[in-house]
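Okay, final.cif is below, mmCIF, C-alpha atoms:
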data_final
#
loop_
_atom_site.label_atom_id
_atom_site.label_comp_id
_atom_site.auth_asym_id
_atom_site.auth_seq_id
_atom_site.Cartn_x
_atom_site.Cartn_y
_atom_site.Cartn_z
CA MET A 1 35.94 -114.44 35.58
CA SER A 2 36.12 -116.75 32.52
CA THR A 3 37.63 -115.88 29.21
CA GLU A 4 34.22 -115.99 27.48
CA HIS A 5 32.68 -113.44 29.83
CA GLN A 6 35.76 -111.20 29.57
CA GLY A 7 35.49 -111.11 25.75
CA GLN A 8 31.80 -110.25 25.89
CA LYS A 9 32.49 -107.36 28.25
CA ASP A 10 35.24 -106.01 25.98
CA SER A 11 32.98 -106.14 22.93
CA ASN A 12 30.26 -104.21 24.77
CA ILE A 13 32.77 -101.52 25.72
CA VAL A 14 34.04 -101.24 22.15
CA GLY A 15 30.48 -101.02 20.85
CA LYS A 16 29.71 -98.08 23.15
CA GLN A 17 32.88 -96.23 22.19
CA GLN A 18 32.11 -96.53 18.42
CA PRO A 19 28.50 -95.33 17.99
CA ASN A 20 28.87 -95.20 14.18
CA GLY A 21 30.02 -98.77 13.91
CA SER A 22 27.83 -101.65 12.95
CA HIS A 23 28.18 -103.24 16.34
CA GLY A 24 28.29 -100.02 18.36
CA GLU A 25 25.08 -98.42 17.09
CA MET A 26 22.91 -97.20 19.95
CA ASN A 27 19.50 -98.74 20.28
CA ALA A 28 16.55 -98.02 22.51
CA HIS A 29 18.04 -100.04 25.32
CA ASP A 30 21.25 -98.00 25.21
CA THR A 31 19.23 -94.75 25.28
CA GLU A 32 17.37 -95.83 28.32
CA THR A 33 20.67 -96.63 30.03
CA ALA A 34 21.94 -93.00 29.32
CA PRO A 35 19.01 -90.64 29.93
CA ASP A 36 21.15 -87.49 30.55
CA GLN A 37 22.87 -87.32 27.12
CA LYS A 38 19.84 -86.02 25.04
CA PRO A 39 19.09 -82.80 27.02
CA ILE A 40 22.74 -81.83 26.83
CA LYS A 41 22.75 -82.04 23.00
CA ALA A 42 19.39 -80.08 22.70
CA SER A 43 20.67 -77.21 24.85
CA HIS A 44 23.81 -76.98 22.76
CA GLY A 45 21.70 -76.76 19.54
CA ILE A 46 19.45 -73.97 20.90
CA THR A 47 22.47 -71.99 22.02
CA ALA A 48 24.02 -72.30 18.57
CA VAL A 49 20.80 -71.13 16.84
CA VAL A 50 20.41 -68.14 19.18
CA GLY A 51 24.03 -67.22 18.64
CA LEU A 52 23.58 -67.43 14.89
CA ILE A 53 20.51 -65.14 15.05
CA VAL A 54 22.38 -62.61 17.19
CA VAL A 55 25.27 -62.62 14.73
CA LEU A 56 22.87 -62.07 11.81
CA ILE A 57 21.14 -59.19 13.61
CA VAL A 58 24.45 -57.53 14.41
CA LEU A 59 25.68 -57.97 10.86
CA GLY A 60 22.37 -56.62 9.49
CA ALA A 61 22.50 -53.62 11.82
CA LEU A 62 26.06 -52.94 10.80
CA GLY A 63 24.90 -52.88 7.16
CA ILE A 64 21.59 -50.98 7.56
CA LEU A 65 22.76 -48.15 9.80
CA PRO A 66 25.49 -46.94 7.45
CA ARG A 67 23.04 -47.00 4.55
CA GLN A 68 20.47 -45.01 6.50
CA HIS A 69 23.11 -42.50 7.48
CA ALA A 70 24.28 -42.24 3.89
CA GLN A 71 20.71 -41.67 2.68
CA THR A 72 20.17 -38.95 5.30
CA VAL A 73 23.38 -37.19 4.33
CA LEU A 74 22.46 -37.50 0.65
CA ALA A 75 19.00 -35.99 1.25
CA GLU A 76 20.45 -33.09 3.23
CA ARG A 77 23.06 -32.47 0.56
CA THR A 78 20.45 -32.61 -2.17
CA ASN A 79 18.29 -30.05 -0.34
CA GLU A 80 21.30 -27.79 0.08
CA LEU A 81 22.12 -28.00 -3.60
CA ALA A 82 18.46 -27.51 -4.57
CA ALA A 83 18.20 -24.25 -2.59
CA PRO A 84 18.68 -21.37 -5.05
CA SER A 85 21.68 -19.14 -4.49
CA VAL A 86 20.81 -15.44 -4.13
CA ILE A 87 22.56 -12.16 -3.51
CA ALA A 88 21.19 -10.15 -0.58
CA ILE A 89 21.59 -6.37 -0.43
CA ALA A 90 20.35 -3.69 1.95
CA PRO A 91 17.81 -1.14 0.65
CA LYS A 92 19.07 2.43 0.33
CA PRO A 93 17.11 5.19 2.09
CA GLY A 94 15.46 7.59 -0.34
CA ASP A 95 14.28 11.18 -0.25
CA PRO A 96 10.78 11.89 1.08
CA ILE A 97 8.17 11.73 -1.65
CA GLN A 98 6.58 15.03 -2.66
CA GLU A 99 5.04 13.82 -5.91
CA LEU A 100 3.66 10.38 -6.63
CA THR A 101 3.21 9.07 -10.17
CA LEU A 102 0.88 6.11 -10.65
CA PRO A 103 -0.48 4.32 -13.72
CA GLY A 104 -4.13 4.92 -14.49
CA ASN A 105 -6.63 3.03 -16.66
CA VAL A 106 -8.51 5.27 -19.10
CA THR A 107 -12.11 4.20 -19.76
CA SER A 108 -15.08 5.78 -21.49
CA TYR A 109 -17.66 7.57 -19.38
CA THR A 110 -20.38 5.18 -20.58
CA ASP A 111 -19.77 1.82 -22.21
CA SER A 112 -22.73 -0.23 -23.40
CA PRO A 113 -23.61 -2.98 -25.88
CA VAL A 114 -26.73 -2.54 -28.03
CA TYR A 115 -29.02 -5.60 -28.31
CA ALA A 116 -32.19 -6.34 -30.26
CA ARG A 117 -35.49 -6.32 -28.39
CA THR A 118 -37.43 -8.09 -31.14
CA SER A 119 -36.66 -11.03 -33.45
CA GLY A 120 -36.41 -10.87 -37.23
CA TYR A 121 -34.01 -10.21 -40.10
CA LEU A 122 -31.70 -7.22 -40.28
CA THR A 123 -32.71 -5.19 -43.30
CA HIS A 124 -30.34 -2.23 -42.96
CA TRP A 125 -27.67 -0.69 -40.75
CA TYR A 126 -26.68 2.97 -40.92
CA PHE A 127 -23.46 3.46 -38.91
CA ASP A 128 -20.19 1.57 -38.83
CA ILE A 129 -17.28 1.57 -36.35
CA GLY A 130 -15.81 4.98 -35.58
CA ALA A 131 -19.02 6.84 -36.36
CA LYS A 132 -20.04 9.52 -33.86
CA VAL A 133 -23.79 9.43 -33.27
CA LYS A 134 -26.28 11.41 -31.23
CA GLN A 135 -28.76 9.97 -28.80
CA GLY A 136 -31.82 8.67 -30.69
CA ALA A 137 -30.02 8.20 -34.00
CA LEU A 138 -31.34 5.26 -36.06
CA LEU A 139 -28.68 2.56 -36.09
CA ALA A 140 -30.42 -0.36 -37.82
CA GLU A 141 -33.80 -1.77 -38.89
CA ILE A 142 -35.18 -5.28 -38.32
CA ALA A 143 -37.98 -6.87 -40.31
CA SER A 144 -40.34 -8.84 -38.04
CA PRO A 145 -43.53 -9.80 -39.96
CA GLU A 146 -44.77 -12.08 -37.20
CA VAL A 147 -44.93 -9.20 -34.75
CA ASP A 148 -46.65 -7.01 -37.34
CA GLN A 149 -49.36 -9.64 -37.86
CA GLN A 150 -49.78 -10.08 -34.13
CA LEU A 151 -50.32 -6.34 -33.85
CA SER A 152 -53.00 -6.41 -36.54
CA GLN A 153 -54.76 -9.27 -34.77
CA ALA A 154 -54.57 -7.47 -31.43
CA GLU A 155 -56.06 -4.31 -32.94
CA ALA A 156 -58.95 -6.35 -34.37
CA ASP A 157 -59.54 -7.98 -30.99
CA LEU A 158 -59.57 -4.53 -29.44
CA ASN A 159 -62.26 -3.34 -31.85
CA THR A 160 -64.38 -6.40 -31.03
CA ALA A 161 -63.96 -5.84 -27.30
CA GLN A 162 -64.92 -2.17 -27.67
CA ALA A 163 -68.06 -3.06 -29.64
CA ASN A 164 -69.14 -5.63 -27.06
CA ALA A 165 -68.44 -3.20 -24.26
CA ASN A 166 -70.45 -0.46 -25.97
CA ASN A 167 -73.43 -2.79 -26.47
CA ALA A 168 -73.26 -3.99 -22.86
CA ARG A 169 -73.16 -0.38 -21.63
CA ILE A 170 -76.23 0.54 -23.70
CA GLN A 171 -78.15 -2.47 -22.36
CA ALA A 172 -77.16 -1.67 -18.81
CA ASP A 173 -78.31 1.96 -19.16
CA ARG A 174 -81.63 0.86 -20.69
CA TYR A 175 -82.34 -1.60 -17.89
CA LYS A 176 -81.44 0.97 -15.27
CA GLY A 177 -84.18 3.25 -16.69
CA LEU A 178 -86.77 0.48 -16.89
CA VAL A 179 -86.18 -0.94 -13.46
CA ALA A 180 -87.37 2.33 -11.93
CA SER A 181 -90.85 1.74 -13.40
CA ASN A 182 -90.77 -1.96 -12.54
CA ALA A 183 -90.81 -2.84 -16.26
CA VAL A 184 -87.86 -5.24 -15.79
CA SER A 185 -86.63 -7.19 -12.86
CA GLN A 186 -83.79 -6.06 -10.67
CA GLN A 187 -81.97 -9.33 -11.34
CA ASP A 188 -81.88 -8.75 -15.09
CA THR A 189 -80.71 -5.20 -14.52
CA ASP A 190 -77.82 -6.38 -12.31
CA THR A 191 -76.84 -8.96 -14.93
CA PHE A 192 -76.49 -6.34 -17.68
CA VAL A 193 -74.67 -3.93 -15.37
CA ASN A 194 -72.10 -6.62 -14.48
CA GLN A 195 -71.77 -7.55 -18.13
CA ALA A 196 -71.00 -3.94 -18.97
CA SER A 197 -68.23 -3.89 -16.32
CA SER A 198 -66.77 -7.18 -17.60
CA THR A 199 -66.64 -6.05 -21.22
CA ALA A 200 -65.04 -2.77 -20.16
CA ALA A 201 -62.28 -4.76 -18.44
CA GLN A 202 -61.83 -6.81 -21.63
CA VAL A 203 -61.31 -3.58 -23.56
CA LYS A 204 -58.52 -2.54 -21.19
CA SER A 205 -56.87 -5.93 -21.59
CA ALA A 206 -57.02 -5.69 -25.38
CA GLU A 207 -55.61 -2.16 -25.27
CA ALA A 208 -52.67 -3.35 -23.14
CA ASN A 209 -51.92 -6.14 -25.62
CA VAL A 210 -52.00 -3.67 -28.52
CA ASN A 211 -49.64 -1.32 -26.70
CA ARG A 212 -47.26 -4.22 -25.98
CA LEU A 213 -47.10 -5.24 -29.62
CA LYS A 214 -46.72 -1.63 -30.73
CA GLN A 215 -43.66 -1.37 -28.52
CA LEU A 216 -42.27 -4.58 -30.00
CA THR A 217 -42.77 -3.24 -33.50
CA ALA A 218 -41.07 -0.02 -32.39
CA PHE A 219 -38.06 -2.13 -31.41
CA GLU A 220 -37.73 -3.10 -35.06
CA LYS A 221 -35.84 0.17 -35.31
CA VAL A 222 -32.65 0.23 -33.21
CA TYR A 223 -31.70 3.66 -31.85
CA ALA A 224 -28.57 4.99 -30.14
CA PRO A 225 -29.08 5.10 -26.35
CA PHE A 226 -26.70 8.07 -25.81
CA ASP A 227 -24.25 10.37 -27.56
CA GLY A 228 -21.11 8.46 -28.36
CA VAL A 229 -19.04 6.56 -30.87
CA ILE A 230 -19.67 3.16 -32.44
CA THR A 231 -16.76 0.92 -31.41
CA ALA A 232 -18.09 -2.39 -32.80
CA ARG A 233 -20.64 -3.69 -35.30
CA SER A 234 -21.36 -7.40 -35.03
CA VAL A 235 -24.15 -7.96 -37.61
CA ASP A 236 -24.80 -7.44 -41.30
CA ILE A 237 -27.78 -7.25 -43.64
CA GLY A 238 -29.80 -10.44 -43.90
CA GLN A 239 -28.71 -11.97 -40.62
CA LEU A 240 -31.34 -13.50 -38.37
CA ILE A 241 -31.64 -11.50 -35.16
CA ASP A 242 -32.83 -13.02 -31.89
CA SER A 243 -34.21 -10.80 -29.19
CA GLY A 244 -32.30 -10.64 -25.92
CA ALA A 245 -28.68 -10.45 -24.85
CA GLY A 246 -27.46 -13.43 -26.87
CA LYS A 247 -25.60 -11.34 -29.43
CA GLU A 248 -24.94 -7.62 -29.49
CA LEU A 249 -25.66 -5.61 -32.63
CA PHE A 250 -23.42 -2.65 -31.84
CA HIS A 251 -21.12 -1.48 -29.08
CA MET A 252 -21.08 2.17 -28.07
CA GLN A 253 -18.91 4.32 -25.86
CA ALA A 254 -19.41 7.86 -24.63
CA VAL A 255 -15.98 9.48 -24.94
CA GLN A 256 -16.76 13.18 -24.49
CA THR A 257 -15.55 12.71 -20.92
CA LEU A 258 -13.13 9.95 -19.94
CA ARG A 259 -12.78 8.28 -16.57
CA VAL A 260 -9.26 7.55 -15.28
CA TYR A 261 -9.02 5.01 -12.47
CA THR A 262 -5.92 4.50 -10.37
CA ASN A 263 -5.08 2.91 -7.02
CA LEU A 264 -3.55 5.33 -4.55
CA PRO A 265 -1.53 3.81 -1.67
CA GLY A 266 -3.50 3.95 1.54
CA VAL A 267 -0.75 5.90 3.34
CA PHE A 268 -1.45 8.84 1.00
CA SER A 269 -5.23 8.70 1.18
CA GLY A 270 -5.24 11.82 3.34
CA SER A 271 -3.27 13.79 0.74
CA VAL A 272 -6.07 13.96 -1.84
CA LYS A 273 -9.57 15.38 -1.78
CA ARG A 274 -12.53 15.58 -4.10
CA GLY A 275 -12.61 18.48 -6.53
CA GLU A 276 -8.86 19.05 -6.81
CA MET A 277 -7.20 19.09 -10.22
CA ILE A 278 -4.77 16.31 -11.06
CA GLN A 279 -2.17 16.36 -13.82
CA LEU A 280 -1.94 13.47 -16.28
CA THR A 281 0.49 12.54 -19.02
CA PHE A 282 0.16 10.04 -21.86
CA ALA A 283 2.80 8.17 -23.82
CA GLU A 284 0.82 8.89 -27.00
CA HIS A 285 1.23 12.64 -26.40
CA PRO A 286 4.82 13.23 -25.23
CA GLY A 287 5.48 16.63 -23.71
CA GLN A 288 1.80 17.42 -23.17
CA ILE A 289 0.16 17.71 -19.77
CA PHE A 290 -3.57 17.13 -19.34
CA SER A 291 -5.71 18.05 -16.35
CA GLY A 292 -8.55 16.15 -14.77
CA LYS A 293 -10.78 16.57 -11.76
CA LEU A 294 -10.78 14.07 -8.91
CA VAL A 295 -14.52 13.45 -8.71
CA ARG A 296 -14.83 10.48 -6.37
CA THR A 297 -13.05 7.74 -4.44
CA SER A 298 -14.15 4.37 -3.15
CA ASP A 299 -13.99 5.70 0.44
CA ALA A 300 -12.52 2.36 1.50
CA ILE A 301 -9.05 0.83 1.49
CA ASP A 302 -8.79 -2.42 -0.44
CA PRO A 303 -7.57 -4.99 2.15
CA ALA A 304 -5.75 -7.00 -0.54
CA SER A 305 -3.65 -4.19 -2.04
CA ARG A 306 -3.97 -1.56 0.73
CA THR A 307 -4.88 1.06 -1.85
CA LEU A 308 -7.67 3.58 -2.42
CA LEU A 309 -9.50 3.50 -5.76
CA VAL A 310 -9.62 7.01 -7.24
CA GLU A 311 -11.61 8.29 -10.25
CA ILE A 312 -10.47 11.30 -12.25
CA ASP A 313 -12.65 12.74 -15.04
CA VAL A 314 -10.89 14.27 -18.05
CA ASP A 315 -12.58 16.48 -20.65
CA ASN A 316 -12.22 14.94 -24.13
CA HIS A 317 -14.62 16.87 -26.35
CA ASN A 318 -11.85 17.33 -28.91
CA GLY A 319 -11.41 13.54 -29.12
CA GLN A 320 -7.68 13.78 -28.56
CA LEU A 321 -7.57 10.98 -25.99
CA LEU A 322 -8.67 7.40 -26.56
CA ALA A 323 -10.40 5.07 -24.13
CA GLY A 324 -8.35 2.02 -23.18
CA THR A 325 -5.00 3.79 -23.06
CA LEU A 326 -2.71 4.05 -20.04
CA ALA A 327 -2.17 7.36 -18.25
CA GLN A 328 0.44 8.52 -15.77
CA VAL A 329 -1.34 10.23 -12.88
CA HIS A 330 0.71 12.75 -10.91
CA PHE A 331 -0.33 13.35 -7.29
CA LYS A 332 1.05 16.01 -4.96
CA VAL A 333 1.28 14.18 -1.64
CA ASN A 334 2.50 14.80 1.87
CA PRO A 335 5.66 12.86 2.92
CA VAL A 336 4.69 9.79 4.91
CA GLY A 337 6.98 7.13 6.43
CA SER A 338 10.33 5.99 5.08
CA VAL A 339 11.24 5.59 1.44
CA PHE A 340 13.74 3.04 0.15
CA VAL A 341 15.43 2.80 -3.23
CA ILE A 342 16.07 -0.64 -4.74
CA PRO A 343 17.06 -1.89 -8.21
CA VAL A 344 14.20 -2.53 -10.59
CA SER A 345 15.55 -6.07 -11.03
CA ALA A 346 14.54 -6.82 -7.43
CA LEU A 347 10.83 -6.49 -8.23
CA VAL A 348 8.78 -9.66 -8.54
CA PHE A 349 5.58 -9.49 -10.61
CA ARG A 350 2.92 -11.94 -9.44
CA SER A 351 -0.79 -12.30 -10.14
CA GLU A 352 -1.61 -11.18 -6.60
CA GLY A 353 0.38 -7.96 -7.03
CA LEU A 354 3.87 -6.47 -6.94
CA ARG A 355 6.30 -8.16 -4.55
CA VAL A 356 9.91 -7.75 -3.37
CA GLY A 357 11.90 -10.76 -2.21
CA THR A 358 13.63 -10.56 1.16
CA VAL A 359 15.65 -13.15 3.06
CA LYS A 360 15.89 -13.79 6.78
CA ASP A 361 17.67 -16.73 8.45
CA GLY A 362 18.04 -18.39 5.06
CA ILE A 363 14.28 -18.27 4.31
CA ALA A 364 12.89 -16.20 1.44
CA HIS A 365 9.84 -13.97 1.89
CA LEU A 366 7.79 -12.13 -0.73
CA ASN A 367 6.70 -8.76 0.68
CA PRO A 368 3.85 -6.80 -0.98
CA VAL A 369 5.12 -3.31 -1.73
CA THR A 370 3.94 0.01 -3.12
CA ILE A 371 6.21 1.78 -5.57
CA GLY A 372 6.79 5.49 -6.07
CA GLN A 373 9.10 7.03 -8.64
CA ASP A 374 10.58 4.70 -11.25
CA ASP A 375 13.48 5.90 -13.39
CA GLY A 376 13.88 2.58 -15.19
CA ARG A 377 17.00 1.57 -13.25
CA THR A 378 15.88 2.05 -9.64
CA VAL A 379 12.47 2.32 -8.04
CA GLN A 380 11.22 3.90 -4.84
CA ILE A 381 9.44 1.64 -2.36
CA ILE A 382 6.90 3.54 -0.29
CA THR A 383 5.48 0.74 1.82
CA GLY A 384 6.40 -2.86 2.44
CA LEU A 385 10.09 -2.64 3.43
CA ASP A 386 12.09 -1.93 6.56
CA LYS A 387 15.66 -0.71 6.92
CA SER A 388 16.66 -4.06 8.46
CA ASP A 389 15.40 -6.09 5.46
CA GLN A 390 17.82 -7.85 3.14
CA ILE A 391 16.67 -7.52 -0.45
CA ILE A 392 17.15 -10.38 -2.90
CA GLN A 393 18.80 -8.97 -5.99
CA ASP A 394 17.68 -10.58 -9.27
CA PRO A 395 15.34 -13.14 -7.61
CA PRO A 396 14.53 -16.24 -9.70
CA ASP A 397 11.07 -16.38 -11.26
CA SER A 398 10.38 -19.63 -9.40
CA LEU A 399 10.99 -18.07 -5.97
CA ILE A 400 8.34 -19.16 -3.45
CA ASP A 401 7.46 -17.48 -0.19
CA GLY A 402 8.97 -19.51 2.67
CA GLU A 403 11.49 -21.26 0.42
CA LYS A 404 14.97 -22.00 1.75
CA VAL A 405 17.70 -20.12 -0.12
CA HIS A 406 21.48 -19.92 0.01
CA VAL A 407 22.78 -16.39 0.47
CA LEU A 408 26.09 -15.96 -1.31
CA THR A 409 28.95 -14.47 0.67
CA PRO A 410 30.98 -11.58 -0.83
CA GLN A 411 33.77 -14.04 -1.63
CA GLU A 412 31.33 -16.38 -3.41
CA VAL A 413 29.86 -13.44 -5.32
CA GLN A 414 33.35 -12.30 -6.38
CA THR A 415 34.26 -15.82 -7.40
CA ALA A 416 31.08 -16.24 -9.41
CA GLN A 417 31.56 -12.90 -11.15
CA GLY A 418 35.19 -13.73 -11.86
CA GLY A 419 34.14 -17.04 -13.35
CA LYS A 420 31.82 -15.20 -15.69
#

Would you mind writing the file's structure down as structure tokens?
Amino acid sequence: MSTEHQGQKDSNIVGKQQPNGSHGEMNAHDTETAPDQKPIKASHGITAVVGLIVVLIVLGALGILPRQHAQTVLAERTNELAAPSVIAIAPKPGDPIQELTLPGNVTSYTDSPVYARTSGYLTHWYFDIGAKVKQGALLAEIASPEVDQQLSQAEADLNTAQANANNARIQADRYKGLVASNAVSQQDTDTFVNQASSTAAQVKSAEANVNRLKQLTAFEKVYAPFDGVITARSVDIGQLIDSGAGKELFHMQAVQTLRVYTNLPGVFSGSVKRGEMIQLTFAEHPGQIFSGKLVRTSDAIDPASRTLLVEIDVDNHNGQLLAGTLAQVHFKVNPVGSVFVIPVSALVFRSEGLRVGTVKDGIAHLNPVTIGQDDGRTVQIITGLDKSDQIIQDPPDSLIDGEKVHVLTPQEVQTAQGGK
């Protein structure tokens, strides 16, 4: 081999070993001479990208999972802290109930507003609030000139109808006599007879209209519908009065006999009967005992409150008692079921009725109850509780049925009281 060929071979070798050099840069011819180098580099690049993705996923998982766990723990801790802390106590058994005292609503025997039946201006009123009136007493007068003029017109129309009817009757009688001698035709006779019947009907119509207007003019005077007392007067002299129930003129109540309504627990419905005398007391009359007669019941237990509506009538001819007051109704009842005594502070007053909060497995429940005797410090529970119930003492006003609560242990209670 010559020296020239040996030098060319060495330069080719050096060019292949230094791809970044000016003389060793690979061209298309060099690529074609080494077809297996490109797939090797592509596979290495894919592997590196996949590895990088796996690393990113692992690093992301390692960052996300702890955050999710921390959020879960935080939510659970927040719920635990949000649950109200309560003290649970067991109800104490009470003595069987022999007498049951319930609140009763005192109402008048009859309560009615008085409205105007005709329109006009009020010219005078005769009784004010507190006045005792008899049935038929004149309460007020209304001036209604339009109705008066309508009555005059109706009376004139009645006179005209009567005159026409009288003339038609005379003509009909005359033709009935002449038709027998064939002096007039039967057709003319029938015409006058029918005319007489028609005018007679017009007279009746006019009479009805006159009577209607007379009644309207009679309503210009307002009378008391029953014996009672005036409890409200809503109009004064000169005011425009519209007929109907838009605005009442007076309000009346019959207070000679008062009705007392109370709701008796359904478990004691068999202990009362119609006609028996019931004792009542009133805060306005301390030390006095009044008697009333149990006159009727609803004869059905209210499914919402499980009580029986009872009406007791009380004689009030002396006017000593007032409608709208609150009475304490004392029933003699037969002992039924178990009675429990709980603190008054355990009662929960809701719009749907009286409730007592209980707790079971950390969940609060609001039980509808019926109370018996109440001495101001403790109260008897007739229905709604069981001896196994745990009563929530001093329940928060925001307590919801089904809410999760934290029941304080005796140590926590002692610690809390010591802190106070």

**Study point:** Length of the atom CA of Phe127 of chain A to atom CA of Asn105 of chain A vector [Å]
**Key:**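 Separating atom CA of Phe127 of chain A from atom CA of Asn105 of chain A is a distance of 27.9 Å.
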
Point to revise | Residue contacts of segment 189-206 of chain A (10 Å, all atoms listed in the file) excluding same-chain residues fewer than 3 positions away, as a ChimeraX atom specification | key: /A:154-179,184-186,209-212

Practice item. Could you check which of A:Thr415, A:Gln239, A:Asn367, A:Thr231 is closest to Ile400 of chain A, using only C-alpha atoms? Key: A:Asn367

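Distance annotation: of A:Leu151, A:Leu100, A:Leu240, A:Val255, the residue with the minimal separation from Glu207 of chain A is A:Leu151; atom set is all atoms listed in the file.
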
Revision key, fill the gap. The distance between atom CA of Thr370 of chain A and atom CA of Thr107 of chain A is 23.5 Å

What are the nearest atom pairs, with distances in Å to one decimal, for all residues of segment 230-290 of chain A that come at most 8 Å from segment 333-354 of chain A, using only C-alpha atoms, set out by chain and rising residue number as a Markdown table?
| residue | atom | partner | partner_atom | distance |
| --- | --- | --- | --- | --- |
| A:Val267 | CA | A:Val336 | CA | 6.9 |
| A:Phe268 | CA | A:Val333 | CA | 6.6 |
| A:Ser271 | CA | A:Val333 | CA | 5.1 |
| A:Val272 | CA | A:Val333 | CA | 7.4 |

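The smallest atom-to-atom distance between Val133 of chain A and any of A:Ala48, A:Val413, A:Ile89, A:Ile230, using all atoms listed in the file, is found for A:Ile230.
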
**Study point:** Among the residues A:Tyr126, A:Asp111, A:Gly266, A:Ser243, the one that comes closest to Leu308 of chain A [using all atoms listed in the file]
**Key:**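 Closest candidate: A:Gly266.
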
Practice item. Go through A:Thr47, A:Gln373, A:Asn316, A:Ser234 and flag the residue nearest Asp128 of chain A, using only C-alpha atoms for the distances. Key: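 Ranking A:Thr47, A:Gln373, A:Asn316, A:Ser234 by distance to Asp128 of chain A, first place goes to A:Ser234.
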
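Put simply, the PyMOL selection byres ((chain A and resi 109) around 10) on this file hits Val106, Thr107, Ser108, Thr110, Asp111, Gly228, Gln253, Ala254, Val255, Gln256, Thr257, Leu258, Arg259, Val260, Asp313, Val314 and Ala323 of chain A.
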
Practice item. List the neighbours of segment 278-295 of chain A out to 7 Å using all atoms listed in the file; skip same-chain residues closer than 5 positions along the sequence, and give me the result as a PyMOL selection string. Key: chain A and resi 311-314+326-331

Point to revise | Polymer residues at most 12 Å from (-46.8, -9.3, -34.4) by all atoms listed in the file, as a PyMOL selection string | key: chain A and resi 118-120+143-155+209-220

Point to revise | Computed interatomic separation between atom CA of Asp242 of chain A and atom CA of Leu139 of chain A (Å) | key: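 Atom CA of Leu139 of chain A lies 16.7 Å from atom CA of Asp242 of chain A.
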